[in-house]
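Visitor: Structure incoming, see below.
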Amino acid sequence: MLFLVINCKKSSDSNSAVKPTASYTYTSNGKSSVTFTSTSTNTPTSYTWNFGDGTTGTGNSVTHVYNMDSGFAVTLTVSNSAGSSSITDTFQKLANIHTRFGDMLMWLDNQLPLYKRNFLGLADTGFYDSTTFHRLVPNFVIQGGDPLSKTPGNPYIGSGGPGYTIPFKTDLPLISHVYGAVGAASSGAQQAANGSQFYIVTNPQGEHSLDGSYAVFGLIINGMNNAITIQNQPNSGSPNNMAINRITMSVSVVIISNADLKSKYGFTPY
């Protein structure tokens, strides 16, 4: 008798596709440039990026330069033969002020777009590189950003600027002269801003007597301990409180997601 043995085991299809799950990481490169890299799972075959500024791109990893200053939502859509999925995160431009004492990360207020655009533009062009914090007033402010301070010993440090001023804009309710506030220096109360010089409030109680007289356009959200170290460096004393030793800075424009601003710095953009 002949017996026929039949293998009834169902063979698996190792090539069957599974719908991909979109995810990505990012790296801020400075000068308003950021690299986005897909970390999506389940083998996507296509990657489409919407950069949130009216432009798009394709590829697993892309580098993009942002010319806009306000927040932008970046969406990655990945797909294969089984379907597609997308993920979106919102990003912000911030300024990172570098000194030998450490960095200070600065949020710029969207309510003052002219001030924000000016500061980020100067930073992107390297204007602030090798300028100094030339004025140090303990428990009040540190001030810097004068291009004349690039030359050691220049007797006119404190009077220089980029060659233009910015119309005065009063403080708005969301940021007043709180601890860590960043304001635009000027020749006096309610006068046009210098254009490049700025100050950081170092009084833990704030300096609310300045509210309404000088424009606050930013806030240090990380690194105020470094600002305090800077304010405590030797200075010439009243009335000018000029730094005895040069405290140079550089400023870079960094791009950070809202999620990281909240998780790493406890800050929620508005």
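Naming scheme: A, B, ... for chains in displayed order of the structure tokens; residues 1 onward per chain; ligands 1 onward as shown.
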Check which residues of region 109-202 of chain A sit at most 6 Å from region 221-231 of chain A using only C-alpha atoms, and return one row each with the closest pair of atoms and their distance in Å to one decimal, ordered by chain and rising number, as a tab-separated table.
Guide:
residue	atom	partner	partner_atom	distance
A:Leu136	CA	A:Gln231	CA	5.0
A:Pro138	CA	A:Gln231	CA	5.4
A:Ile142	CA	A:Gln231	CA	6.0
Visitor: List the spatial neighbours of Gly206 (chain A) as a list in words - criterion: any atom at most 9 Å away, only C-alpha atoms, same-chain residues fewer than 6 positions off excluded.
Guide: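 Near neighbours after the sequence-gap exclusion: Phe140, Ser176, His177, Val178, Tyr179, Gly180 and Ala181 of chain A.
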Visitor: Generate a file of the selected residues that holds C-alpha atoms, formatted as a tab-separated table (two decimals), in the first residue's frame.
Guide:
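The new file out.tsv reads:
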chain	number	residue	atom	x	y	z
A	140	PHE	CA	21.11	94.39	38.10
A	176	SER	CA	8.58	92.02	31.68
A	177	HIS	CA	11.93	92.66	33.41
A	178	VAL	CA	11.91	89.35	35.26
A	179	TYR	CA	15.06	87.48	36.26
A	180	GLY	CA	16.73	86.36	33.03
A	181	ALA	CA	14.87	88.82	30.79
Visitor: At a cut-off of 12 Å, using only C-alpha atoms, what residues contact Gln92 (chain A)? Leave out same-chain residues fewer than 4 positions from it and give the result as a compact mmCIF listing (two decimals) with C-alpha atoms, in the first residue's frame.
Guide:
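Result went into part18.txt, see below:
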# COMPACT_ATOMS: atom_id res chain seq x y z
CA SER A 28 20.71 71.72 14.91
CA SER A 32 19.50 78.34 11.07
CA SER A 33 20.35 74.92 9.60
CA VAL A 34 18.94 71.64 10.89
CA GLY A 52 6.61 73.94 7.58
CA TYR A 66 15.18 78.19 7.66
CA MET A 68 11.65 82.30 8.76
CA ASP A 69 11.88 83.30 12.42
CA SER A 70 8.66 82.06 14.02
CA GLY A 71 7.80 78.48 14.91
CA PHE A 72 7.36 75.88 12.17
CA ALA A 73 5.78 72.42 12.13
CA VAL A 74 7.83 69.68 10.45
CA MET A 106 17.79 82.53 24.89
CA TRP A 107 14.14 82.35 23.85
CA LEU A 108 13.07 85.27 21.63
CA ASP A 109 9.55 86.61 21.97
CA ASN A 110 7.35 86.26 18.88
CA LYS A 116 13.67 88.89 17.09
CA LEU A 120 18.79 86.25 14.91
CA VAL A 253 21.12 80.29 16.12
CA VAL A 254 19.84 76.89 17.19
CA ILE A 255 16.64 75.06 16.30
CA ILE A 256 14.91 73.07 19.07
CA SER A 257 11.63 71.18 19.11
CA ASN A 258 8.82 72.22 21.43
CA ALA A 259 8.97 68.75 22.96
CA ASP A 260 12.66 69.16 23.86
CA LEU A 261 12.13 72.70 25.16
CA LYS A 262 9.61 71.29 27.61
CA PHE A 267 9.87 75.78 28.97
CA THR A 268 6.67 75.90 26.95
CA PRO A 269 6.75 78.30 23.96
CA TYR A 270 3.86 80.69 23.52
Visitor: Could you check the closest approach to Asp211 (chain A) for each of A:Gly161, A:Pro234, A:Gly30, A:Gly183 and tell me which residue wins, using only C-alpha atoms?
Guide: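 Using only C-alpha atoms, the shortest distance to Asp211 (chain A) belongs to A:Gly183.
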Visitor: Rank A:Leu219, A:Leu76, A:Ile87, A:Ala95 by their smallest atom-to-atom distance to Asp124 (chain A), using only C-alpha atoms, and report the top residue only.
Guide: A:Ala95
